[in-house]
Each structure stands twice: as C-alpha cells, then as structure tokens.
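I have placed the structure first, in the form of structure tokens, so that the comments after it can refer back to it.
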Amino acid sequence: MAKKSVLLSKWVATMTDGPEPYGMVQDGAVAVDGEQVAWAGPRNALPTNYADWPTVEYGDRLMTPALIDPHTHVVFGGNRAVEFEMRLNGASYEAIARAGGGILSTVTATREASEEALLADALTRVDALMAEGVSCIEVKSGYGLDADTELKMLRVARRIGQVRPIHVKTSFLGAHAVPPEFDARPDAYVQDVCIPTLRLAHQEGLVDAVDGFCEGIAFDPSQIAQVFDVAKELSLPVKLHAEQLSNLGGAALAASYGALSADHIEYLDEAGVSAMAQAGTVGVLLPGAFYTLRETQVPPVELLRQYGVPIALATDCNPGSSPLTSLLLTMNMACTLFRMTPEEALAGVTRHAAQALGLTDTGTIAVGQRADLAVWDVAHPAELSYRIGFNPLHARVFGGM
C-alpha cells in the first residue's frame, strides 16, 4: 500500500462520538498519510487535495479501527489443562491456588523456560490475536515472582513488538501472587522482591504501567498501596485486578491513584463505581475468565453505564483462568453473558480499550490517529459480536500499511 492512499469502503465505523451509532459513515473514505489518518468521511466529500492519491477499494465491506486487547498474560511457560479438568471435577479456583496450583504452577514453568522459548510460545498466541485484526496488546509480567524471571518476561514482551507488526504495552505485575519461598509473608515479598524488581525494570525501560492482584488469595489493599506508592514515585500509571472474587475495595484504591483501569470487577459495588467515575478509571471486563471459572457474579454493567465509566473488554489470555486468544469471541461473551450491546462491545475493544492503556492516538478513525484499521467481510458491525467461532477479517492495516 502506498504511503499516501485513500481507502474506500461501503461502511466505515469510526467509533467516534456523533449522531450515528458506531460513528458510522456510509460510502466512506479514509485518507492515510504515512502512519496517520489525514481525513475521514463520506467519499463524496473527499477534499480535492486527496483526489490524485492512490485508492484502495474495499467494496461493500466494513472498516473499523483495529482492535486492541488491553489485558493479557500472553508470556508464560507451560499450561494448566490438568487444573481445568480439576475444576470440572469440583475443585474451586481458590482451592487449587491454595494447594500450590493456579498461578504458582505457572510460576514454576515460567522460571524454568528460556527467553527464546517464552517468546516462541507467546508468538503463537499473539499471531492468533493479530489474525483477528488486533493491532495493540497489553502484556503483563507476574509469572516470575523473582527479579530474574520478572525481568525476563518483560524483555520477552518488548521483543514481541520488535518481531511482529503490533504495538505492545507492558505492565509490571510483580504483585500477582506470593511465591512459595515467601509463603505467608506477603509484606516481606513486597518489600524485598516486588518493589526492588519494579525499580530494576523501570531502570531498563521495560515498564509502561504497574499492576497488582488485590484479592484474598493474593495481596490486600495496604500491600498494593505500597507498590503503587513506588509507581507514583517513578511516574508510572497503575491498574489493578480488583473485585474478581470478593470486594476488598481494590477498585476504589486504584481510583485514588488515578488508575488507568480496574479489571475483572465482578464484585464491584456502587462506591467503587463512583470512585472510578470521578478518577476517569476505565472498567475492563474479562468475560473469558468469568466463563472459564463458571462464575455467577456478573459485573455491575448497569452501574458503570449510569456513572459514565468507560467499559473496555479484553481476553485476559492466560494459562489458568482464561486460555482465550480471540477478541471476537470476547465480544460475543460480553454481549451474551454481561448483556452489553454490540456497539458497547466494539467500543470496548477500540476506543475504550485504548483509554484503558492510556493511549490517545488509536482506537478511533479520525484525523491524527494512527492508521491502524481492520476491514471485515460483514455488512454491519453487530456481526462482529453476533457470530461465534467465525473470523470475518479481510485485511489488517497497521500504520497505514
């Protein structure tokens, strides 16, 4: 594709605010100059200075912003298929974790894996996401829980963006679980391993944001606050796994630090929603984990709507609670399980997903945005959420190419 070009499509869902659902433009044109959108609108209104630019005709297809997955754990060793079987035989997620399974079993496998092996394995998952029109992913550490492995994971995450045409935002998740060598000593782990490793990762330029798991089987709010205080000192934004299994007030804590997002949030209450709304914190829903764990507590979607909290969606791709590499299926799950609308679902993997990562140059089709686009063999954007196990991607445009 030329560095300067005009992309033509019957339907262009810009996902910008406007009178039309999806920010829809019929018989649309998108002028691309290098890696950016120079103009977008009806083709019959295309300014004359773009008239002699090469055109790419996509016919009756739908064009949207490329998709964004704002919560993944795609770098890890091994898998947890046996634990999946255990849950089906009646064991709870918490019981498996307390017995040394869950996150800790992945920690062992990740510590043992080489950087090259972790990269090769992660790329299989990243390629699956890219094949569905994904242009940007967030990747967390958190399966090392020691300095060497946490740094190894973050280096692998950075390398993903070097060997594939995809943007990668990294999150340091040292406060993911208490490793066996610190059993029953979470405060010691936070002070002796987690925080020093965060400082090392920041020095290496490996961290874009800081995350934590605020839950009874992980860390309490006071321990998360210790990590977030250091993030604030380092001028790093924060986000949090909050209110997944219980309500410890994690979302409100995260909001008090101006968090980019609070994720999972099945047990979020109105006070937490209000705090998120005041802070501009995005709610990231993870229906893959809800589905895999057979949860019954649905996130408070209506409260989020009432308070105007943006709702993003993500795969939560991980080996235990959400072995999911399809953002399209995530959209369907959000509509089916959480009663979100198809328009909310598409916003959740474009505009609101960008906001959850602190990105301002992607997620919509508008002047000055990156020309990261997806073209679909569908006539209406609702089809992207409606179909199950079907990928209608026709073309993925990354940085105008």
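To be explicit about the labels: the chains of the structure tokens are called A, B, and onward in the order shown, and within each one the residues are counted from 1, while ligands get numbers from 1 in the order they are shown.
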Distance query Gly216 (chain A) at most 10 Å, only C-alpha atoms, self and fewer than 2 positions along chain excluded, as a ChimeraX atom specification: /A:94,213-214,218-221,243,245-248
Every residue of region 28-214 of chain A that DSSP places in helix (DSSP H, G or I), as JSON, numbers by chain: {"A": [43, 44, 45, 48, 49, 50, 81, 82, 83, 84, 85, 86, 87, 88, 93, 94, 95, 96, 97, 98, 103, 104, 105, 106, 107, 108, 109, 110, 111, 112, 115, 116, 117, 118, 119, 120, 121, 122, 123, 124, 125, 126, 127, 128, 129, 130, 147, 148, 149, 150, 151, 152, 153, 154, 155, 156, 157, 158, 159, 160, 161, 162, 163, 180, 181, 182, 186, 187, 188, 189, 190, 191, 192, 193, 194, 195, 196, 197, 198, 199, 200, 201, 202, 203]}
Per residue of region 210-316 of chain A within 8 Å of region 326-335 of chain A, which atom pair is closest and at what distance in Å (one decimal), using only C-alpha atoms, listed by chain and increasing number, as JSON lines?
```
{"residue": "A:Leu285", "atom": "CA", "partner": "A:Ala334", "partner_atom": "CA", "distance": 8.0}
{"residue": "A:Leu286", "atom": "CA", "partner": "A:Thr330", "partner_atom": "CA", "distance": 7.7}
{"residue": "A:Pro287", "atom": "CA", "partner": "A:Ala334", "partner_atom": "CA", "distance": 5.9}
{"residue": "A:Gly288", "atom": "CA", "partner": "A:Thr330", "partner_atom": "CA", "distance": 6.5}
{"residue": "A:Leu313", "atom": "CA", "partner": "A:Thr330", "partner_atom": "CA", "distance": 7.2}
{"residue": "A:Ala314", "atom": "CA", "partner": "A:Leu327", "partner_atom": "CA", "distance": 6.8}
{"residue": "A:Thr315", "atom": "CA", "partner": "A:Leu327", "partner_atom": "CA", "distance": 5.9}
```
For those residues, write N, CA, C and O atoms to a file as a PDB file, in the first residue's frame.
```
ATOM      1  N   LEU A 285     -13.629  -5.401  31.542  1.00  0.00           N
ATOM      2  CA  LEU A 285     -14.332  -6.651  31.815  1.00  0.00           C
ATOM      3  C   LEU A 285     -13.647  -7.797  31.075  1.00  0.00           C
ATOM      4  O   LEU A 285     -13.210  -7.644  29.942  1.00  0.00           O
ATOM      5  N   LEU A 286     -13.614  -8.952  31.752  1.00  0.00           N
ATOM      6  CA  LEU A 286     -12.876 -10.107  31.236  1.00  0.00           C
ATOM      7  C   LEU A 286     -13.798 -11.324  31.209  1.00  0.00           C
ATOM      8  O   LEU A 286     -13.718 -12.206  32.065  1.00  0.00           O
ATOM      9  N   PRO A 287     -14.683 -11.390  30.223  1.00  0.00           N
ATOM     10  CA  PRO A 287     -15.673 -12.468  30.206  1.00  0.00           C
ATOM     11  C   PRO A 287     -15.064 -13.850  30.021  1.00  0.00           C
ATOM     12  O   PRO A 287     -15.695 -14.842  30.383  1.00  0.00           O
ATOM     13  N   GLY A 288     -13.856 -13.941  29.476  1.00  0.00           N
ATOM     14  CA  GLY A 288     -13.209 -15.245  29.333  1.00  0.00           C
ATOM     15  C   GLY A 288     -12.949 -15.902  30.672  1.00  0.00           C
ATOM     16  O   GLY A 288     -13.157 -17.111  30.842  1.00  0.00           O
ATOM     17  N   LEU A 313     -13.052  -4.201  27.031  1.00  0.00           N
ATOM     18  CA  LEU A 313     -13.055  -5.661  27.049  1.00  0.00           C
ATOM     19  C   LEU A 313     -11.670  -6.179  26.703  1.00  0.00           C
ATOM     20  O   LEU A 313     -10.939  -5.549  25.928  1.00  0.00           O
ATOM     21  N   ALA A 314     -11.324  -7.334  27.249  1.00  0.00           N
ATOM     22  CA  ALA A 314     -10.027  -7.937  26.957  1.00  0.00           C
ATOM     23  C   ALA A 314     -10.131  -9.449  27.078  1.00  0.00           C
ATOM     24  O   ALA A 314     -11.039  -9.976  27.725  1.00  0.00           O
ATOM     25  N   THR A 315      -9.179 -10.138  26.459  1.00  0.00           N
ATOM     26  CA  THR A 315      -9.188 -11.600  26.520  1.00  0.00           C
ATOM     27  C   THR A 315      -8.749 -12.126  27.871  1.00  0.00           C
ATOM     28  O   THR A 315      -9.149 -13.215  28.271  1.00  0.00           O
TER      29      THR A 315
END
```
d(CA of Arg185 (chain A), CA of Arg98 (chain A)) in Å: 14.4 Å
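Residues surrounding region 304-308 of chain A within 10 Å are Leu268, Glu270, Gly272, Val273, Ser274, Ala275, Met276, Ala277, Gln278, Gly280, Val282, Gly283, Pro299, Pro300, Val301, Glu302, Pro310 and Ile311 of chain A [only C-alpha atoms; sequence separation below 2 positions excluded].
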Report as a tab-separated table the residues of region 142-258 of chain A within 12 Å of region 346-356 of chain A, each with its shortest atom pair and distance in Å (one decimal), using only C-alpha atoms, ordered by chain and increasing residue number.
```
residue	atom	partner	partner_atom	distance
A:His167	CA	A:Ala354	CA	11.4
A:Val168	CA	A:Ala354	CA	11.9
A:Lys169	CA	A:Ala354	CA	10.7
A:Ala209	CA	A:Ala356	CA	10.9
A:Pro237	CA	A:Ala356	CA	10.7
A:Val238	CA	A:Ala356	CA	10.3
A:Lys239	CA	A:Ala356	CA	8.7
A:Leu240	CA	A:Ala356	CA	11.2
A:Gly258	CA	A:Ala356	CA	11.7
```
Residues within 8 Å of region 386-393 of chain A, only C-alpha atoms, excluding chain neighbours under 3 positions, as a list in words: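 In the requested format, the answer is Ala131, Glu132, Gly133, Leu328, Leu329, Asn332, Pro342, Ala374, Val375, Trp376, Asp377, Val378, Ala382, Glu383 and Arg396 of chain A.
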For the residues in that selection, give me all heavy atoms as a JSON list (two decimals), in the first residue's frame.
```
[["chain", "number", "residue", "atom", "x", "y", "z"],
["A", 131, "ALA", "N", -4.51, -12.18, 13.81],
["A", 131, "ALA", "CA", -5.34, -12.72, 12.73],
["A", 131, "ALA", "C", -6.78, -12.26, 12.84],
["A", 131, "ALA", "O", -7.55, -12.39, 11.88],
["A", 131, "ALA", "CB", -5.27, -14.25, 12.72],
["A", 132, "GLU", "N", -7.16, -11.71, 14.00],
["A", 132, "GLU", "CA", -8.50, -11.16, 14.19],
["A", 132, "GLU", "C", -8.50, -9.62, 14.16],
["A", 132, "GLU", "O", -9.42, -8.98, 14.67],
["A", 132, "GLU", "CB", -9.11, -11.65, 15.50],
["A", 132, "GLU", "CG", -9.48, -13.11, 15.48],
["A", 132, "GLU", "CD", -10.31, -13.53, 16.68],
["A", 132, "GLU", "OE1", -10.42, -12.76, 17.66],
["A", 132, "GLU", "OE2", -10.86, -14.65, 16.66],
["A", 133, "GLY", "N", -7.46, -9.04, 13.58],
["A", 133, "GLY", "CA", -7.45, -7.59, 13.42],
["A", 133, "GLY", "C", -6.92, -6.80, 14.59],
["A", 133, "GLY", "O", -7.14, -5.59, 14.68],
["A", 328, "LEU", "N", -12.70, -11.48, 19.24],
["A", 328, "LEU", "CA", -14.06, -11.56, 18.69],
["A", 328, "LEU", "C", -14.96, -12.40, 19.59],
["A", 328, "LEU", "O", -16.11, -12.03, 19.87],
["A", 328, "LEU", "CB", -14.04, -12.14, 17.28],
["A", 328, "LEU", "CG", -13.38, -11.28, 16.21],
["A", 328, "LEU", "CD1", -13.31, -12.03, 14.88],
["A", 328, "LEU", "CD2", -14.13, -9.96, 16.02],
["A", 329, "LEU", "N", -14.48, -13.52, 20.07],
["A", 329, "LEU", "CA", -15.26, -14.33, 20.99],
["A", 329, "LEU", "C", -15.48, -13.58, 22.30],
["A", 329, "LEU", "O", -16.55, -13.68, 22.91],
["A", 329, "LEU", "CB", -14.57, -15.67, 21.25],
["A", 329, "LEU", "CG", -15.29, -16.63, 22.20],
["A", 329, "LEU", "CD1", -16.72, -16.90, 21.75],
["A", 329, "LEU", "CD2", -14.51, -17.95, 22.32],
["A", 332, "ASN", "N", -18.46, -11.44, 21.84],
["A", 332, "ASN", "CA", -19.69, -12.22, 21.91],
["A", 332, "ASN", "C", -20.04, -12.58, 23.36],
["A", 332, "ASN", "O", -21.20, -12.49, 23.78],
["A", 332, "ASN", "CB", -19.56, -13.49, 21.07],
["A", 332, "ASN", "CG", -20.75, -14.41, 21.21],
["A", 332, "ASN", "OD1", -20.76, -15.28, 22.08],
["A", 332, "ASN", "ND2", -21.76, -14.22, 20.38],
["A", 342, "PRO", "N", -23.76, -4.79, 21.12],
["A", 342, "PRO", "CA", -22.66, -4.89, 20.15],
["A", 342, "PRO", "C", -21.88, -3.59, 19.98],
["A", 342, "PRO", "O", -20.66, -3.62, 19.79],
["A", 342, "PRO", "CB", -23.38, -5.30, 18.86],
["A", 342, "PRO", "CG", -24.57, -6.07, 19.33],
["A", 342, "PRO", "CD", -25.02, -5.34, 20.56],
["A", 374, "ALA", "N", -9.03, -2.23, 10.58],
["A", 374, "ALA", "CA", -9.44, -3.59, 10.24],
["A", 374, "ALA", "C", -10.58, -3.51, 9.25],
["A", 374, "ALA", "O", -11.48, -2.69, 9.40],
["A", 374, "ALA", "CB", -9.87, -4.35, 11.50],
["A", 375, "VAL", "N", -10.52, -4.36, 8.23],
["A", 375, "VAL", "CA", -11.56, -4.42, 7.22],
["A", 375, "VAL", "C", -12.19, -5.81, 7.28],
["A", 375, "VAL", "O", -11.48, -6.82, 7.27],
["A", 375, "VAL", "CB", -10.99, -4.15, 5.81],
["A", 375, "VAL", "CG1", -12.12, -4.18, 4.77],
["A", 375, "VAL", "CG2", -10.26, -2.80, 5.78],
["A", 376, "TRP", "N", -13.52, -5.82, 7.37],
["A", 376, "TRP", "CA", -14.24, -7.06, 7.65],
["A", 376, "TRP", "C", -15.20, -7.41, 6.52],
["A", 376, "TRP", "O", -15.82, -6.53, 5.93],
["A", 376, "TRP", "CB", -15.05, -6.91, 8.94],
["A", 376, "TRP", "CG", -14.27, -6.38, 10.10],
["A", 376, "TRP", "CD1", -14.13, -5.08, 10.47],
["A", 376, "TRP", "CD2", -13.52, -7.16, 11.06],
["A", 376, "TRP", "NE1", -13.35, -4.99, 11.60],
["A", 376, "TRP", "CE2", -12.96, -6.25, 11.98],
["A", 376, "TRP", "CE3", -13.28, -8.52, 11.22],
["A", 376, "TRP", "CZ2", -12.17, -6.66, 13.05],
["A", 376, "TRP", "CZ3", -12.50, -8.94, 12.29],
["A", 376, "TRP", "CH2", -11.95, -8.01, 13.19],
["A", 377, "ASP", "N", -15.37, -8.70, 6.30],
["A", 377, "ASP", "CA", -16.35, -9.20, 5.34],
["A", 377, "ASP", "C", -17.72, -9.28, 6.00],
["A", 377, "ASP", "O", -18.34, -10.36, 6.08],
["A", 377, "ASP", "CB", -15.94, -10.58, 4.81],
["A", 377, "ASP", "CG", -14.81, -10.48, 3.79],
["A", 377, "ASP", "OD1", -14.89, -9.61, 2.91],
["A", 377, "ASP", "OD2", -13.86, -11.28, 3.88],
["A", 378, "VAL", "N", -18.20, -8.14, 6.48],
["A", 378, "VAL", "CA", -19.53, -8.06, 7.07],
["A", 378, "VAL", "C", -20.17, -6.76, 6.60],
["A", 378, "VAL", "O", -19.49, -5.83, 6.18],
["A", 378, "VAL", "CB", -19.49, -8.10, 8.62],
["A", 378, "VAL", "CG1", -18.80, -9.35, 9.13],
["A", 378, "VAL", "CG2", -18.81, -6.85, 9.18],
["A", 382, "ALA", "N", -22.56, -5.17, 14.12],
["A", 382, "ALA", "CA", -23.12, -6.11, 15.09],
["A", 382, "ALA", "C", -22.71, -7.55, 14.79],
["A", 382, "ALA", "O", -22.68, -8.39, 15.69],
["A", 382, "ALA", "CB", -24.65, -6.00, 15.12],
["A", 383, "GLU", "N", -22.39, -7.84, 13.52],
["A", 383, "GLU", "CA", -21.96, -9.19, 13.16],
["A", 383, "GLU", "C", -20.68, -9.60, 13.88],
["A", 383, "GLU", "O", -20.44, -10.80, 14.10],
["A", 383, "GLU", "CB", -21.76, -9.29, 11.65],
["A", 383, "GLU", "CG", -23.03, -9.22, 10.83],
["A", 383, "GLU", "CD", -22.78, -9.51, 9.36],
["A", 383, "GLU", "OE1", -22.21, -10.58, 9.06],
["A", 383, "GLU", "OE2", -23.14, -8.66, 8.53],
["A", 396, "ARG", "N", -5.96, -6.36, 7.55],
["A", 396, "ARG", "CA", -5.49, -5.64, 8.74],
["A", 396, "ARG", "C", -4.48, -4.60, 8.27],
["A", 396, "ARG", "O", -3.50, -4.94, 7.61],
["A", 396, "ARG", "CB", -4.85, -6.62, 9.72],
["A", 396, "ARG", "CG", -4.17, -6.01, 10.95],
["A", 396, "ARG", "CD", -3.56, -7.14, 11.78],
["A", 396, "ARG", "NE", -2.83, -6.66, 12.93],
["A", 396, "ARG", "CZ", -1.54, -6.31, 12.91],
["A", 396, "ARG", "NH1", -0.84, -6.36, 11.78],
["A", 396, "ARG", "NH2", -0.94, -5.90, 14.03]]
```
Those of region 275-354 of chain A in DSSP strand (DSSP E), formatted as number ranges by chain: A: 282-285, 311-313
Would you put the residues from that selection into a file with N, CA, C and O atoms, as a PDB file, in the first residue's frame?
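Here's the written file result-v2.pdb:
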```pdb
ATOM      1  N   VAL A 282     -11.046   3.381  33.750  1.00  0.00           N
ATOM      2  CA  VAL A 282     -11.814   2.512  32.854  1.00  0.00           C
ATOM      3  C   VAL A 282     -12.088   1.182  33.550  1.00  0.00           C
ATOM      4  O   VAL A 282     -11.227   0.639  34.255  1.00  0.00           O
ATOM      5  N   GLY A 283     -13.271   0.643  33.354  1.00  0.00           N
ATOM      6  CA  GLY A 283     -13.583  -0.697  33.819  1.00  0.00           C
ATOM      7  C   GLY A 283     -13.294  -1.703  32.715  1.00  0.00           C
ATOM      8  O   GLY A 283     -13.885  -1.615  31.637  1.00  0.00           O
ATOM      9  N   VAL A 284     -12.376  -2.620  32.946  1.00  0.00           N
ATOM     10  CA  VAL A 284     -12.035  -3.637  31.944  1.00  0.00           C
ATOM     11  C   VAL A 284     -12.687  -4.952  32.343  1.00  0.00           C
ATOM     12  O   VAL A 284     -12.350  -5.532  33.385  1.00  0.00           O
ATOM     13  N   LEU A 285     -13.629  -5.401  31.542  1.00  0.00           N
ATOM     14  CA  LEU A 285     -14.332  -6.651  31.815  1.00  0.00           C
ATOM     15  C   LEU A 285     -13.647  -7.797  31.075  1.00  0.00           C
ATOM     16  O   LEU A 285     -13.210  -7.644  29.942  1.00  0.00           O
ATOM     17  N   ILE A 311     -16.300   1.280  29.490  1.00  0.00           N
ATOM     18  CA  ILE A 311     -16.158  -0.169  29.649  1.00  0.00           C
ATOM     19  C   ILE A 311     -15.308  -0.712  28.511  1.00  0.00           C
ATOM     20  O   ILE A 311     -15.669  -0.589  27.336  1.00  0.00           O
ATOM     21  N   ALA A 312     -14.174  -1.295  28.859  1.00  0.00           N
ATOM     22  CA  ALA A 312     -13.319  -1.964  27.880  1.00  0.00           C
ATOM     23  C   ALA A 312     -13.457  -3.473  28.052  1.00  0.00           C
ATOM     24  O   ALA A 312     -13.915  -3.960  29.093  1.00  0.00           O
ATOM     25  N   LEU A 313     -13.052  -4.201  27.031  1.00  0.00           N
ATOM     26  CA  LEU A 313     -13.055  -5.661  27.049  1.00  0.00           C
ATOM     27  C   LEU A 313     -11.670  -6.179  26.703  1.00  0.00           C
ATOM     28  O   LEU A 313     -10.939  -5.549  25.928  1.00  0.00           O
TER      29      LEU A 313
END
```
Selection: 9 Å around Ile195 (chain A), only C-alpha atoms, excl. self and same-chain fewer than 6 positions, as a list in words: Gly174, Ala175, Tyr189, Gln226, Val227 and Val230 of chain A
